[in-house]
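Enquirer: Provided herewith is a single structure, encoded as structure tokens, for subsequent inquiry.
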Amino acid sequence: MEHIKTTTKKLQKAIAKAIQEFNMIEEGDKIMVCLSGGKDSYTLLDMLLYFQKVAPISFDVIAVNLDQKQPGFPEEVLPNYLSSLNVNYKIIEKNTYKIVMDKTPEGKTTCSLCSRLRRGTLYEAAKDLGCNKLALGHHLNDILETFFLNLFFSGKLETMPPKFKNDAGDLVVLRPLAFCKESDIETYANFKNYPIIPCNLCGSQENLQRKKVKQMITDWETDFPNRNAIMMNALQNVFPSHLLDKNLFDFEDLSIS
């Protein structure tokens with residue numbers, strides 16, 4: 001019991017830090033929490049409901065799930081769970097599963113198209129529901145994995161920011177779990193015994209590059225403890241003059257005065 005209290009406090013502290021450092025939540029916000037049925041989004045909703053109670057400001061939360069019409073998706077699980085919490089929620093039904101299956105060549109991964117379709121649908125829903133902010137369940141490990149995926153496979157220094165504006169500029173997207181370790185979320189979710197819904201689309205793709213990068217980071221953390229924390233510090237401690245991007249630093253006009 002003491003262990004779960006410690007984990008809960010660690011998560012609350014990490015989320016409070018993210019909210020404070022990136023000015024995530026303000027008076028009168030209406031935040032749409034994207035709920036997938038996985039451990040991360042359940043934890044995110046749980047924590048935002050906690051902060052809604054204890055925060056000195058007033059903000060609204062609505063939980064939204066996109067039912068992508070995957071075969072065998074247990075439609076009753078999330079409505080039952082959300083009703084038991086007495087939380088405001090909406091289930092959106094859109095057959096993105098069929099689109100992904102039709103458009104993805106055999107043997108290719110479905111993740112990028114699936115996430116693009118899902119993101120567009122959720123942005124639209126946020127506007128329809130009058131939300132000015134949308135919260136996603138990505139955590140510290142997701143941020144580090146994305147950084148290395150971009151570095152190794154896309155040739156760019158980029159990751160998931162804790163806060164950004166959508167392309168249309170009418171919605172702020174938040175990642176309140178940005179400083180939370182996946183292992184802490186897992187411990188918390190196991191204790192809470194959330195009704196986890198596996199993703200058949202993603203779960204069937206065992207050889208994704210993300211899984212290899214995840215393993216690489218896990219191995220580093222095992223061999224050299226505290227690597228993840230140091231790498232997260234690095235992402236917040238950037239020196240453009242010591243990189244090679246001409247758009248970020250004026251190398252051309254650099255001269256001795």
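Following the order of the structure tokens, first chain is A, next is B, and so on, with residues numbered from 1 inside each chain and ligands from 1 in the order they appear.
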Enumerate, as a list of chain:residue names, the complete set of residues in segment 116-191 of chain A that a backbone-based DSSP assignment places in strand (DSSP E or B).
Expert: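 Result set for segment 116-191 of chain A (strand (DSSP E or B)): A:Lys133, A:Leu134, A:Ala135, A:Lys163, A:Phe164, A:Lys165, A:Val172, A:Val173, A:Leu174.
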Enquirer: Residues of segment 9-127 of chain A that approach segment 151-175 of chain A to 8 Å or less, counting only C-alpha atoms: could you list each one with the shortest pair of atoms and its distance in Å to one decimal, rows by chain and increasing residue number, as a tab-separated table?
Expert:
residue	atom	partner	partner_atom	distance
A:Ala18	CA	A:Pro162	CA	7.6
A:Phe22	CA	A:Lys163	CA	7.0
A:Met24	CA	A:Leu174	CA	6.7
A:Tyr123	CA	A:Leu171	CA	7.7
A:Lys127	CA	A:Leu171	CA	7.9
Enquirer: Could you check which of A:Ala16, A:Leu208, A:Ile4, A:Ile91 is closest to Pro176 of chain A, using only C-alpha atoms?
Expert: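 Nearest candidate to Pro176 of chain A out of A:Ala16, A:Leu208, A:Ile4, A:Ile91: A:Ala16.
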Enquirer: From the list A:Ala14, A:Leu117, A:Leu144, A:Cys131, which residue is nearest Ala63 of chain A when using only C-alpha atoms?
Expert: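 Looking only at the distances to Ala63 of chain A, the closest residue turns out to be A:Cys131.
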Enquirer: Could you pull the residues within 6 Å of segment 134-142 of chain A, counting only C-alpha atoms, minus those fewer than 2 positions along the same chain, as JSON, numbers by chain?
Expert: {"A": [31, 32, 33, 34, 40, 41, 44, 144, 145, 173, 174, 175, 177, 178, 179, 180, 181]}
Enquirer: Quick one: write out the picked residues with C-alpha atoms as a tab-separated table (two decimals), in the first residue's frame?
Expert:
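What follows is the written file out_10.tsv:
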chain	number	residue	atom	x	y	z
A	31	ILE	CA	-10.19	20.21	-21.82
A	32	MET	CA	-11.00	17.21	-23.96
A	33	VAL	CA	-9.17	14.14	-22.63
A	34	CYS	CA	-8.56	11.57	-25.37
A	40	ASP	CA	-1.74	5.96	-20.20
A	41	SER	CA	-5.02	7.65	-21.10
A	44	LEU	CA	-4.26	10.90	-17.56
A	144	LEU	CA	12.42	9.97	-25.70
A	145	GLU	CA	11.48	7.19	-28.16
A	173	VAL	CA	-2.77	20.23	-27.44
A	174	LEU	CA	-1.33	19.16	-24.07
A	175	ARG	CA	0.76	16.22	-22.86
A	177	LEU	CA	2.25	13.14	-18.55
A	178	ALA	CA	5.42	14.50	-20.24
A	179	PHE	CA	7.53	14.03	-17.08
A	180	CYS	CA	5.90	10.74	-15.99
A	181	LYS	CA	7.82	7.46	-16.28
Enquirer: Just the number, please: distance in Å from atom CA of Glu186 of chain A to atom CA of Ile62 of chain A, one decimal.
Expert: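 That distance, rounded to one decimal, is 23.2 Å.
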Enquirer: Counting only C-alpha atoms, which of A:Lys39, A:Gln20, A:Val54, A:Asp67 gets nearest to Glu182 of chain A?
Expert: A:Lys39
Enquirer: Among segment 189-230 of chain A, which ones does DSSP place in alpha helix (DSSP H), written as a VMD selection string?
Expert: chain A and resid 189 to 192 200 to 203 209 to 223 227 to 230
Enquirer: Selection from above, N, CA and C atoms, as a short mmCIF file (atom, residue, chain, number, x, y, z; two decimals), in the first residue's frame, can you write it?
Expert:
data_model
loop_
_atom_site.label_atom_id
_atom_site.label_comp_id
_atom_site.auth_asym_id
_atom_site.auth_seq_id
_atom_site.Cartn_x
_atom_site.Cartn_y
_atom_site.Cartn_z
N ALA A 189 -1.64 1.96 -12.93
CA ALA A 189 -2.74 1.38 -13.69
C ALA A 189 -3.07 -0.04 -13.21
N ASN A 190 -2.02 -0.81 -12.86
CA ASN A 190 -2.24 -2.16 -12.34
C ASN A 190 -2.99 -2.12 -11.02
N PHE A 191 -2.60 -1.16 -10.16
CA PHE A 191 -3.27 -1.01 -8.87
C PHE A 191 -4.74 -0.62 -9.06
N LYS A 192 -4.98 0.30 -10.01
CA LYS A 192 -6.34 0.79 -10.27
C LYS A 192 -7.20 -0.25 -11.00
N ASN A 200 -5.94 -3.88 -31.59
CA ASN A 200 -5.64 -4.97 -32.54
C ASN A 200 -4.84 -4.47 -33.73
N LEU A 201 -5.03 -3.20 -34.08
CA LEU A 201 -4.30 -2.64 -35.22
C LEU A 201 -2.81 -2.58 -34.93
N CYS A 202 -2.47 -1.97 -33.78
CA CYS A 202 -1.05 -1.78 -33.45
C CYS A 202 -0.43 -3.05 -32.88
N GLY A 203 -1.21 -3.74 -32.05
CA GLY A 203 -0.65 -4.88 -31.33
C GLY A 203 -0.15 -5.98 -32.22
N GLN A 209 9.80 -0.12 -35.63
CA GLN A 209 11.06 0.52 -35.21
C GLN A 209 10.95 1.05 -33.78
N ARG A 210 9.74 1.52 -33.41
CA ARG A 210 9.55 2.07 -32.07
C ARG A 210 9.89 1.02 -31.00
N LYS A 211 9.54 -0.23 -31.26
CA LYS A 211 9.81 -1.29 -30.27
C LYS A 211 11.32 -1.50 -30.11
N LYS A 212 12.05 -1.38 -31.23
CA LYS A 212 13.51 -1.54 -31.16
C LYS A 212 14.15 -0.39 -30.39
N VAL A 213 13.66 0.82 -30.66
CA VAL A 213 14.18 2.01 -29.96
C VAL A 213 13.84 1.92 -28.47
N LYS A 214 12.61 1.48 -28.17
CA LYS A 214 12.19 1.30 -26.78
C LYS A 214 13.14 0.35 -26.04
N GLN A 215 13.49 -0.75 -26.70
CA GLN A 215 14.39 -1.74 -26.10
C GLN A 215 15.78 -1.15 -25.88
N MET A 216 16.23 -0.37 -26.86
CA MET A 216 17.54 0.28 -26.76
C MET A 216 17.60 1.20 -25.53
N ILE A 217 16.55 2.01 -25.36
CA ILE A 217 16.50 2.95 -24.23
C ILE A 217 16.42 2.18 -22.90
N THR A 218 15.63 1.10 -22.89
CA THR A 218 15.49 0.26 -21.69
C THR A 218 16.84 -0.33 -21.30
N ASP A 219 17.58 -0.82 -22.30
CA ASP A 219 18.91 -1.41 -22.04
C ASP A 219 19.88 -0.37 -21.48
N TRP A 220 19.85 0.84 -22.05
CA TRP A 220 20.71 1.92 -21.55
C TRP A 220 20.39 2.23 -20.09
N GLU A 221 19.09 2.32 -19.80
CA GLU A 221 18.66 2.66 -18.44
C GLU A 221 19.09 1.57 -17.45
N THR A 222 19.07 0.32 -17.91
CA THR A 222 19.50 -0.79 -17.05
C THR A 222 21.01 -0.73 -16.81
N ASP A 223 21.77 -0.51 -17.88
CA ASP A 223 23.24 -0.47 -17.77
C ASP A 223 23.75 0.80 -17.09
N ARG A 227 19.69 7.41 -17.02
CA ARG A 227 19.92 7.92 -18.38
C ARG A 227 18.70 8.70 -18.89
N ASN A 228 17.49 8.16 -18.62
CA ASN A 228 16.28 8.81 -19.14
C ASN A 228 16.12 10.23 -18.61
N ALA A 229 16.38 10.40 -17.33
CA ALA A 229 16.26 11.74 -16.72
C ALA A 229 17.27 12.70 -17.34
N ILE A 230 18.48 12.20 -17.59
CA ILE A 230 19.52 13.05 -18.19
C ILE A 230 19.13 13.43 -19.62
#
Enquirer: Of the residues A:Val238, A:Leu49, A:Ile197, A:Met231, which is the one nearest to Glu76 of chain A, using only C-alpha atoms?
Expert: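 Using only C-alpha atoms, the shortest distance to Glu76 of chain A belongs to A:Ile197.
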